[in-house]
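Asks: Input file: start_26.cif. Contents: mmCIF, C-alpha atoms and all ligand atoms.
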```
data_coords
loop_
_atom_site.label_atom_id
_atom_site.label_comp_id
_atom_site.auth_asym_id
_atom_site.auth_seq_id
_atom_site.Cartn_x
_atom_site.Cartn_y
_atom_site.Cartn_z
CA MET T 165 239.86 258.03 67.61
CA SER T 166 241.44 260.47 70.05
CA THR T 167 242.00 259.32 73.63
CA MET T 168 239.78 262.11 74.91
CA SER T 169 236.74 261.05 72.94
CA ALA T 170 237.20 257.42 74.09
CA ILE T 171 236.88 258.46 77.74
CA LYS T 172 233.28 258.74 78.85
CA GLN T 173 232.73 262.21 80.22
CA PRO T 174 230.58 262.06 83.36
CA GLY T 175 227.07 263.37 82.62
CA LYS T 176 225.68 266.10 84.83
CA SER T 177 223.73 263.61 86.91
CA GLU T 178 226.82 261.46 87.55
CA ARG T 179 228.90 264.34 88.87
CA PRO T 180 229.12 264.41 92.70
CA PHE T 181 226.56 266.83 94.13
CA ALA T 182 229.23 268.91 95.87
CA GLU T 183 231.05 269.51 92.55
CA ARG T 184 228.11 270.63 90.47
CA GLU T 185 227.42 274.14 89.22
CA PHE T 186 225.23 274.68 92.31
CA PRO T 187 227.07 272.61 94.95
CA MET T 188 225.12 270.53 97.50
CA THR T 189 227.22 268.92 100.25
CA ASP T 190 226.16 265.89 102.34
CA LYS T 191 225.63 268.31 105.22
CA ASP T 192 223.27 270.40 103.05
CA PHE T 193 221.25 267.30 102.16
CA ASP T 194 221.04 266.34 105.85
CA ARG T 195 219.65 269.81 106.60
CA ILE T 196 217.08 269.40 103.81
CA LYS T 197 216.06 265.98 105.16
CA LEU T 198 215.64 267.35 108.68
CA LEU T 199 213.58 270.34 107.55
CA ALA T 200 211.36 268.13 105.35
CA LYS T 201 210.69 265.74 108.23
CA GLN T 202 210.03 268.48 110.78
CA ARG T 203 207.78 270.57 108.54
CA SER T 204 205.89 267.90 106.57
CA GLY T 205 206.61 264.44 107.99
CA ILE T 206 208.12 263.52 104.62
CA GLU T 207 211.18 261.27 104.99
CA LEU T 208 213.67 261.74 102.16
CA GLY T 209 215.91 258.73 101.49
CA GLU T 210 219.26 258.82 99.66
CA HIS T 211 217.48 257.61 96.50
CA LYS T 212 215.57 260.91 96.43
CA LYS T 213 218.75 263.00 96.33
CA GLU T 214 218.81 263.59 92.56
CA MET T 215 215.12 264.52 92.50
CA ILE T 216 215.43 266.88 95.46
CA TYR T 217 218.56 268.43 93.96
CA SER T 218 216.80 269.27 90.69
CA ARG T 219 213.71 270.66 92.43
CA ILE T 220 215.57 272.86 94.92
CA VAL T 221 218.06 274.08 92.36
CA ARG T 222 215.13 275.83 90.64
CA ARG T 223 214.50 277.84 93.82
CA ILE T 224 218.22 278.64 94.10
CA ARG T 225 218.26 279.93 90.51
CA ALA T 226 215.06 281.91 91.04
CA LEU T 227 216.59 283.62 94.06
CA GLY T 228 219.83 284.38 92.18
CA MET T 229 221.91 282.29 94.60
CA THR T 230 224.80 279.99 93.77
CA ASP T 231 224.83 277.15 96.32
CA PHE T 232 222.66 275.09 98.66
CA SER T 233 224.32 276.24 101.90
CA ARG T 234 223.43 279.86 101.24
CA TYR T 235 219.88 278.85 100.23
CA LEU T 236 219.36 276.79 103.40
CA GLN T 237 220.60 279.62 105.55
CA TYR T 238 218.15 281.96 103.79
CA LEU T 239 215.33 279.41 104.27
CA GLU T 240 216.04 279.01 107.99
CA GLU T 241 216.30 282.75 108.56
CA ASN T 242 213.24 283.66 106.42
CA PRO T 243 210.68 280.89 106.86
CA ASN T 244 207.80 283.25 106.13
CA ALA T 245 209.20 284.08 102.71
CA GLU T 246 210.57 280.72 101.60
CA LEU T 247 209.14 277.79 103.56
CA THR T 248 206.05 277.44 101.35
CA ASN T 249 208.22 277.29 98.22
CA PHE T 250 210.49 274.72 99.86
CA ILE T 251 207.52 272.55 100.89
CA ASN T 252 205.95 272.85 97.44
CA ALA T 253 209.28 271.73 95.95
CA ILE T 254 209.65 268.59 98.07
CA THR T 255 206.11 267.17 97.83
CA THR T 256 205.27 264.48 95.28
CA ASN T 257 201.85 265.09 93.78
CA LEU T 258 201.21 262.20 91.40
CA THR T 259 197.47 261.54 91.08
CA SER T 260 194.73 260.84 88.54
CA PHE T 261 190.95 260.72 88.16
CA PHE T 262 189.42 257.50 89.54
CA ARG T 263 192.86 256.24 90.57
CA GLU T 264 192.47 252.75 92.11
CA SER T 265 189.02 252.47 90.60
CA HIS T 266 187.89 249.70 92.99
CA HIS T 267 187.66 252.37 95.71
CA PHE T 268 185.04 254.25 93.72
CA ASP T 269 183.13 251.02 92.97
CA PHE T 270 183.04 250.38 96.73
CA LEU T 271 181.81 253.92 97.38
CA ARG T 272 179.05 253.53 94.79
CA GLN T 273 177.98 250.00 95.71
CA THR T 274 178.45 249.92 99.49
CA VAL T 275 179.33 253.15 101.26
CA PHE T 276 176.91 255.63 99.70
CA PRO T 277 173.83 253.33 99.70
CA GLU T 278 174.59 252.64 103.41
CA LEU T 279 174.96 256.35 104.20
CA LEU T 280 171.78 257.29 102.33
CA GLN T 281 169.92 254.93 104.69
CA LYS T 282 171.81 255.79 107.86
CA LYS T 283 171.67 259.57 107.35
CA LYS T 284 168.01 259.77 106.27
CA GLY T 285 167.29 261.98 109.27
CA SER T 286 170.09 264.55 109.06
CA HIS T 287 170.77 264.34 105.30
CA ARG T 288 174.37 265.22 106.21
CA ILE T 289 177.38 263.52 104.61
CA ARG T 290 180.99 264.58 105.17
CA ILE T 291 183.98 263.21 103.28
CA TRP T 292 187.63 264.20 103.65
CA SER T 293 190.24 263.82 100.92
CA ALA T 294 193.44 264.25 102.98
CA GLY T 295 196.44 264.88 100.71
CA CYS T 296 194.19 265.72 97.75
CA SER T 297 196.99 266.96 95.44
CA THR T 298 195.64 268.70 92.29
CA GLY T 299 192.02 267.70 92.96
CA GLU T 300 191.45 264.60 90.82
CA GLU T 301 190.71 262.51 93.94
CA PRO T 302 188.09 264.79 95.58
CA TYR T 303 186.42 265.45 92.20
CA SER T 304 186.22 261.68 91.56
CA ILE T 305 184.63 261.25 95.00
CA ALA T 306 182.21 264.12 94.34
CA MET T 307 181.16 262.73 90.93
CA THR T 308 180.47 259.34 92.51
CA LEU T 309 178.55 260.96 95.35
CA GLN T 310 176.52 263.21 93.06
CA ASP T 311 175.56 260.21 90.91
CA CYS T 312 174.29 258.37 94.02
CA LEU T 313 172.38 261.38 95.36
CA GLY T 314 170.61 262.02 92.07
CA ARG T 315 168.14 264.89 92.37
CA GLU T 316 167.69 264.58 96.13
CA ARG T 317 168.89 267.57 98.13
CA TRP T 318 171.50 266.57 100.72
CA ASP T 319 173.92 268.53 102.86
CA ALA T 320 176.86 266.65 101.33
CA ARG T 321 180.40 268.05 101.24
CA VAL T 322 183.90 266.95 100.40
CA LEU T 323 186.76 268.61 102.26
CA ALA T 324 189.96 268.50 100.20
CA THR T 325 193.20 269.39 101.97
CA ASP T 326 196.89 269.43 101.13
CA LEU T 327 200.12 270.91 102.39
CA ASP T 328 201.21 272.12 98.96
CA THR T 329 199.66 275.48 98.04
CA ASN T 330 200.30 275.09 94.28
CA VAL T 331 198.29 271.89 93.98
CA LEU T 332 195.43 273.41 95.99
CA ALA T 333 195.23 276.34 93.54
CA HIS T 334 195.03 273.83 90.68
CA GLY T 335 192.27 271.91 92.45
CA ARG T 336 190.24 275.05 93.13
CA ALA T 337 190.50 276.14 89.50
CA GLY T 338 189.32 272.67 88.42
CA VAL T 339 190.85 272.91 84.94
CA TYR T 340 192.40 269.73 83.53
CA SER T 341 194.06 268.93 80.23
CA LYS T 342 192.32 266.36 78.05
CA GLU T 343 195.34 264.16 78.62
CA ARG T 344 194.66 264.10 82.37
CA ILE T 345 190.97 263.40 81.89
CA GLY T 346 192.28 260.50 79.84
CA ASN T 347 190.23 257.34 80.01
CA MET T 348 187.36 258.66 82.08
CA ASP T 349 183.87 257.49 81.18
CA PRO T 350 182.71 259.96 78.43
CA GLN T 351 179.28 260.17 80.10
CA LEU T 352 180.91 261.48 83.28
CA VAL T 353 183.04 263.93 81.31
CA LYS T 354 179.94 265.26 79.57
CA LYS T 355 178.04 265.54 82.83
CA TYR T 356 180.71 267.13 85.03
CA PHE T 357 183.03 269.13 82.73
CA ILE T 358 182.52 272.16 80.53
CA GLY T 359 184.34 273.81 77.72
CA GLY T 360 187.47 273.41 75.79
CA SER T 361 189.53 276.51 76.28
CA ALA T 362 192.21 275.69 73.85
CA GLN T 363 193.77 276.24 70.51
CA THR T 364 195.62 272.97 70.01
CA ALA T 365 194.87 269.34 70.75
CA GLU T 366 197.86 269.19 73.15
CA ASN T 367 196.76 271.89 75.52
CA GLU T 368 193.02 271.54 75.20
CA ALA T 369 191.54 271.68 78.68
CA LEU T 370 188.16 271.15 80.28
CA GLU T 371 186.80 272.70 83.46
CA ILE T 372 184.78 271.07 86.22
CA ARG T 373 181.22 272.42 86.32
CA ASP T 374 180.38 274.83 89.15
CA THR T 375 177.67 272.51 90.52
CA LEU T 376 180.32 269.88 91.22
CA LYS T 377 182.89 272.42 92.42
CA SER T 378 180.39 273.67 94.98
CA LEU T 379 180.45 270.27 96.74
CA ILE T 380 184.15 270.64 97.50
CA LYS T 381 186.12 272.94 99.77
CA PHE T 382 189.89 273.08 99.16
CA ASN T 383 191.85 274.06 102.28
CA HIS T 384 195.50 274.25 103.20
CA LEU T 385 196.25 271.80 106.01
CA ASN T 386 199.38 270.12 107.33
CA LEU T 387 198.33 266.65 108.52
CA LEU T 388 200.99 266.90 111.24
CA GLY T 389 199.53 270.11 112.67
CA GLU T 390 196.24 271.17 114.25
CA TRP T 391 192.99 270.12 112.54
CA PRO T 392 190.46 272.95 112.78
CA MET T 393 187.48 270.82 111.68
CA LYS T 394 184.70 270.57 114.25
CA GLY T 395 182.41 267.83 112.94
CA LYS T 396 183.11 264.18 112.23
CA PHE T 397 183.55 262.50 108.85
CA ASP T 398 181.72 259.55 107.35
CA VAL T 399 184.58 258.73 104.98
CA ILE T 400 188.28 259.63 104.84
CA PHE T 401 190.53 259.14 101.82
CA CYS T 402 194.23 259.34 102.70
CA ARG T 403 195.88 257.62 99.78
CA ASN T 404 199.52 257.60 98.77
CA VAL T 405 200.41 260.16 101.42
CA VAL T 406 201.73 258.15 104.39
CA ILE T 407 204.22 256.16 102.27
CA TYR T 408 206.56 259.11 102.85
CA PHE T 409 205.99 259.12 106.66
CA SER T 410 207.72 257.14 109.42
CA LYS T 411 205.76 254.36 111.19
CA ASP T 412 205.46 256.53 114.31
CA THR T 413 203.97 259.41 112.31
CA GLN T 414 201.60 256.94 110.62
CA ARG T 415 200.48 255.53 114.01
CA GLU T 416 199.67 258.97 115.32
CA LEU T 417 197.88 259.98 112.11
CA PHE T 418 195.68 256.89 111.85
CA ASP T 419 194.76 257.25 115.50
CA ARG T 420 193.62 260.82 114.78
CA TYR T 421 191.67 259.61 111.72
CA ALA T 422 189.85 257.03 113.87
CA SER T 423 188.94 259.74 116.37
CA ILE T 424 187.55 262.11 113.75
CA LEU T 425 185.53 259.41 111.94
CA GLU T 426 181.90 258.64 112.77
CA PRO T 427 181.31 255.18 114.32
CA ASN T 428 181.71 252.61 111.49
CA GLY T 429 183.19 255.34 109.27
CA TYR T 430 185.34 254.30 106.31
CA LEU T 431 189.03 254.88 105.62
CA PHE T 432 190.61 254.42 102.17
CA ILE T 433 194.41 254.17 101.88
CA GLY T 434 196.86 253.83 98.98
CA HIS T 435 197.68 250.63 97.11
CA SER T 436 201.11 250.19 98.71
CA GLU T 437 199.99 251.19 102.22
CA SER T 438 198.75 249.07 105.11
CA LEU T 439 197.41 249.49 108.64
CA HIS T 440 199.19 246.30 109.75
CA GLY T 441 201.16 247.11 112.90
CA VAL T 442 200.01 250.72 112.65
CA SER T 443 196.44 250.83 114.00
CA GLN T 444 194.04 248.44 115.67
CA ARG T 445 191.10 250.82 115.50
CA PHE T 446 190.03 249.63 112.02
CA GLU T 447 188.94 246.38 110.40
CA SER T 448 189.63 245.53 106.79
CA VAL T 449 186.53 245.46 104.60
CA GLY T 450 188.17 245.32 101.16
CA ARG T 451 191.45 245.91 99.35
CA THR T 452 192.99 248.94 101.17
CA ILE T 453 189.54 249.81 102.56
CA TYR T 454 188.91 249.91 106.32
CA ARG T 455 186.04 250.53 108.71
CA LYS T 456 186.49 252.11 112.11
CA VAL T 457 185.74 249.67 114.93
CA LYS T 458 186.82 251.68 117.96
C1 LIG Q 1 201.15 261.34 95.83
S1 LIG Q 1 200.00 262.59 96.28
C2 LIG Q 1 198.52 261.62 96.48
C3 LIG Q 1 197.29 262.30 95.90
C4 LIG Q 1 195.99 261.51 96.02
N1 LIG Q 1 195.65 261.26 97.39
C5 LIG Q 1 196.08 260.22 95.24
O1 LIG Q 1 196.27 259.16 95.86
O2 LIG Q 1 195.98 260.24 94.02
C6 LIG Q 1 200.45 262.94 98.00
C7 LIG Q 1 199.99 264.31 98.48
O3 LIG Q 1 200.17 264.37 99.91
C8 LIG Q 1 200.54 265.69 100.23
N2 LIG Q 1 201.20 265.73 101.55
C9 LIG Q 1 202.43 265.26 101.88
N3 LIG Q 1 202.70 265.51 103.17
C10 LIG Q 1 201.61 266.15 103.68
C11 LIG Q 1 201.30 266.67 104.97
N4 LIG Q 1 202.14 266.60 106.00
N5 LIG Q 1 200.08 267.27 105.12
C12 LIG Q 1 199.23 267.36 104.09
N6 LIG Q 1 199.46 266.88 102.85
C13 LIG Q 1 200.65 266.29 102.64
C14 LIG Q 1 201.45 266.10 99.09
O4 LIG Q 1 201.55 267.51 98.97
C15 LIG Q 1 200.77 265.44 97.88
O5 LIG Q 1 199.94 266.33 97.18
#
```
Starting from the coordinates I provided, produce the structure as structure tokens.
Replies:
Amino acid sequence: MSTMSAIKQPGKSERPFAEREFPMTDKDFDRIKLLAKQRSGIELGEHKKEMIYSRIVRRIRALGMTDFSRYLQYLEENPNAELTNFINAITTNLTSFFRESHHFDFLRQTVFPELLQKKKGSHRIRIWSAGCSTGEEPYSIAMTLQDCLGRERWDARVLATDLDTNVLAHGRAGVYSKERIGNMDPQLVKKYFIGGSAQTAENEALEIRDTLKSLIKFNHLNLLGEWPMKGKFDVIFCRNVVIYFSKDTQRELFDRYASILEPNGYLFIGHSESLHGVSQRFESVGRTIYRKVK
């Protein structure tokens, strides 16, 4: 065996970032971290370096550039042209239909029956899916809501917002591969999806029916910025979004959620999130489910 072949050649991912084909220095990564925090609230730790490298390198290639410093300079000088692409590259959009299914059981068994009583006069229900990603969350809420409303006519809407423009486009289109529809109850699939637009089993896709789509409005919104909504919400879902935010950003955000919720309104958060030490305006009413108290 030759000496050369006995020595393990470093794989691409083991090579220092500053020595790769598209070099990224520590200073470049610090600039990326700062921009991410300022523009989205997302805090990028060292453990995210490899992931961020591979996502941003795609933008660098697309722009025909050769290193991160030049890209960051371009980004800072041309925010109108590049900031959206940068933001879309740094967000993490993992989601699924009926994720954390106990939340939807609670909606069906407790929240919606309560609202149908409480809102008998106005017939108005407003729900916000904040950080909705590709739409699986707001569509799961809307299916649950529609099932509870039955044939009764209500002024019921789900607002679905995200910072990432790509995921919003996916949500609006409402087309999902069979793989993503996965283990959903076949009755629900039959009721709320149409079609099969595909040639092969792998890429076969179904589309959400227009009646369900019409309950949802997908809007671009940065949770850190202004909120243009006028009315209050009965329910807010903000799940698996604040894990990337600092405690101070979380405090401010949950305070704003309390203010925009109706009295006794409900807040659903992600499985690894907690309001402990973050907000005293809610009481716990279930696993990662809260009710506004003040
Ligand atoms: C991991 S996904 C969670 C999706 C869904 N809520 C769920 O739990 O399945 C987090 C989403 O939050 C969005 N997000 C991150 N920072 C945001 C911000 N400052 N404003 C609005 N959305 C943000 C991301 O773009 C991403 O789509």
Asks: Tell me, in Å to one decimal, how far CA of Ala294 in chain T is from CA of Phe268 in chain T.
Replies: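 Atom-to-atom, CA of Ala294 in chain T to CA of Phe268 in chain T, that is 16.0 Å.
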Asks: Give me the chain T side of the contact with ligand LIG 1 (chain Q), cut-off 6 Å, one line per residue showing its nearest atom pair and distance in Å at one decimal, counting all atoms listed in the file, sorted by chain and residue number, as a tab-separated table.
Replies:
```
residue	atom	partner	partner_atom	distance
T:Ser204	CA	Q:LIG1	N4	4.0
T:Gly205	CA	Q:LIG1	N4	5.3
T:Ile206	CA	Q:LIG1	N3	6.0
T:Thr255	CA	Q:LIG1	O4	4.7
T:Thr256	CA	Q:LIG1	C1	5.2
T:Asn257	CA	Q:LIG1	S1	4.0
T:Leu258	CA	Q:LIG1	C1	4.5
T:Thr259	CA	Q:LIG1	O2	3.5
T:Ser260	CA	Q:LIG1	O2	5.7
T:Gly295	CA	Q:LIG1	O3	3.8
T:Cys296	CA	Q:LIG1	N1	4.7
T:Ser297	CA	Q:LIG1	O5	3.5
T:Glu301	CA	Q:LIG1	O2	5.7
T:Asp326	CA	Q:LIG1	N6	4.0
T:Leu327	CA	Q:LIG1	C12	4.0
T:Asp328	CA	Q:LIG1	O4	4.6
T:Leu385	CA	Q:LIG1	C12	5.7
T:Asn386	CA	Q:LIG1	N5	3.7
T:Leu387	CA	Q:LIG1	N5	3.9
T:Leu388	CA	Q:LIG1	N4	5.4
T:Cys402	CA	Q:LIG1	N1	5.8
T:Arg403	CA	Q:LIG1	O1	4.2
T:Asn404	CA	Q:LIG1	O1	4.6
T:Val405	CA	Q:LIG1	C6	4.4
```
Asks: Using CA of Tyr340 in chain T and CA of Asp311 in chain T as the two end points, give the distance in Å to one decimal.
Replies: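 Atom-to-atom, CA of Tyr340 in chain T and CA of Asp311 in chain T are spaced 20.7 Å apart.
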Asks: Expressed in Å to a single decimal, how great is the separation between CA of Glu368 in chain T and CA of Gly346 in chain T?
Replies: 12.0 Å
Asks: Between T:Thr325, T:Thr248, T:Ser218, T:Thr230, which one has atoms that come closest to Met393 in chain T, using all atoms listed in the file?
Replies: T:Thr325
Asks: For Lys354 in chain T, find every residue with an atom within 12 Å (counting all atoms listed in the file), except residues of its own chain fewer than 3 positions away, and show them as a JSON list (two decimals) with C-alpha atoms, in the frame of the given file.
Replies:
```json
[["chain", "number", "residue", "atom", "x", "y", "z"],
["T", 307, "MET", "CA", 181.16, 262.73, 90.93],
["T", 345, "ILE", "CA", 190.97, 263.40, 81.89],
["T", 348, "MET", "CA", 187.36, 258.66, 82.08],
["T", 349, "ASP", "CA", 183.87, 257.49, 81.18],
["T", 350, "PRO", "CA", 182.71, 259.96, 78.43],
["T", 351, "GLN", "CA", 179.28, 260.17, 80.10],
["T", 357, "PHE", "CA", 183.03, 269.13, 82.73],
["T", 358, "ILE", "CA", 182.52, 272.16, 80.53],
["T", 359, "GLY", "CA", 184.34, 273.81, 77.72],
["T", 360, "GLY", "CA", 187.47, 273.41, 75.79],
["T", 370, "LEU", "CA", 188.16, 271.15, 80.28],
["T", 371, "GLU", "CA", 186.80, 272.70, 83.46],
["T", 372, "ILE", "CA", 184.78, 271.07, 86.22],
["T", 373, "ARG", "CA", 181.22, 272.42, 86.32]]
```
Asks: Quick one: of T:Thr189, T:Thr452, T:Gln414, T:Gln202, who's nearest to Gly434 in chain T, counting only C-alpha atoms?
Replies: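 Closest to Gly434 in chain T, using only C-alpha atoms: T:Thr452.
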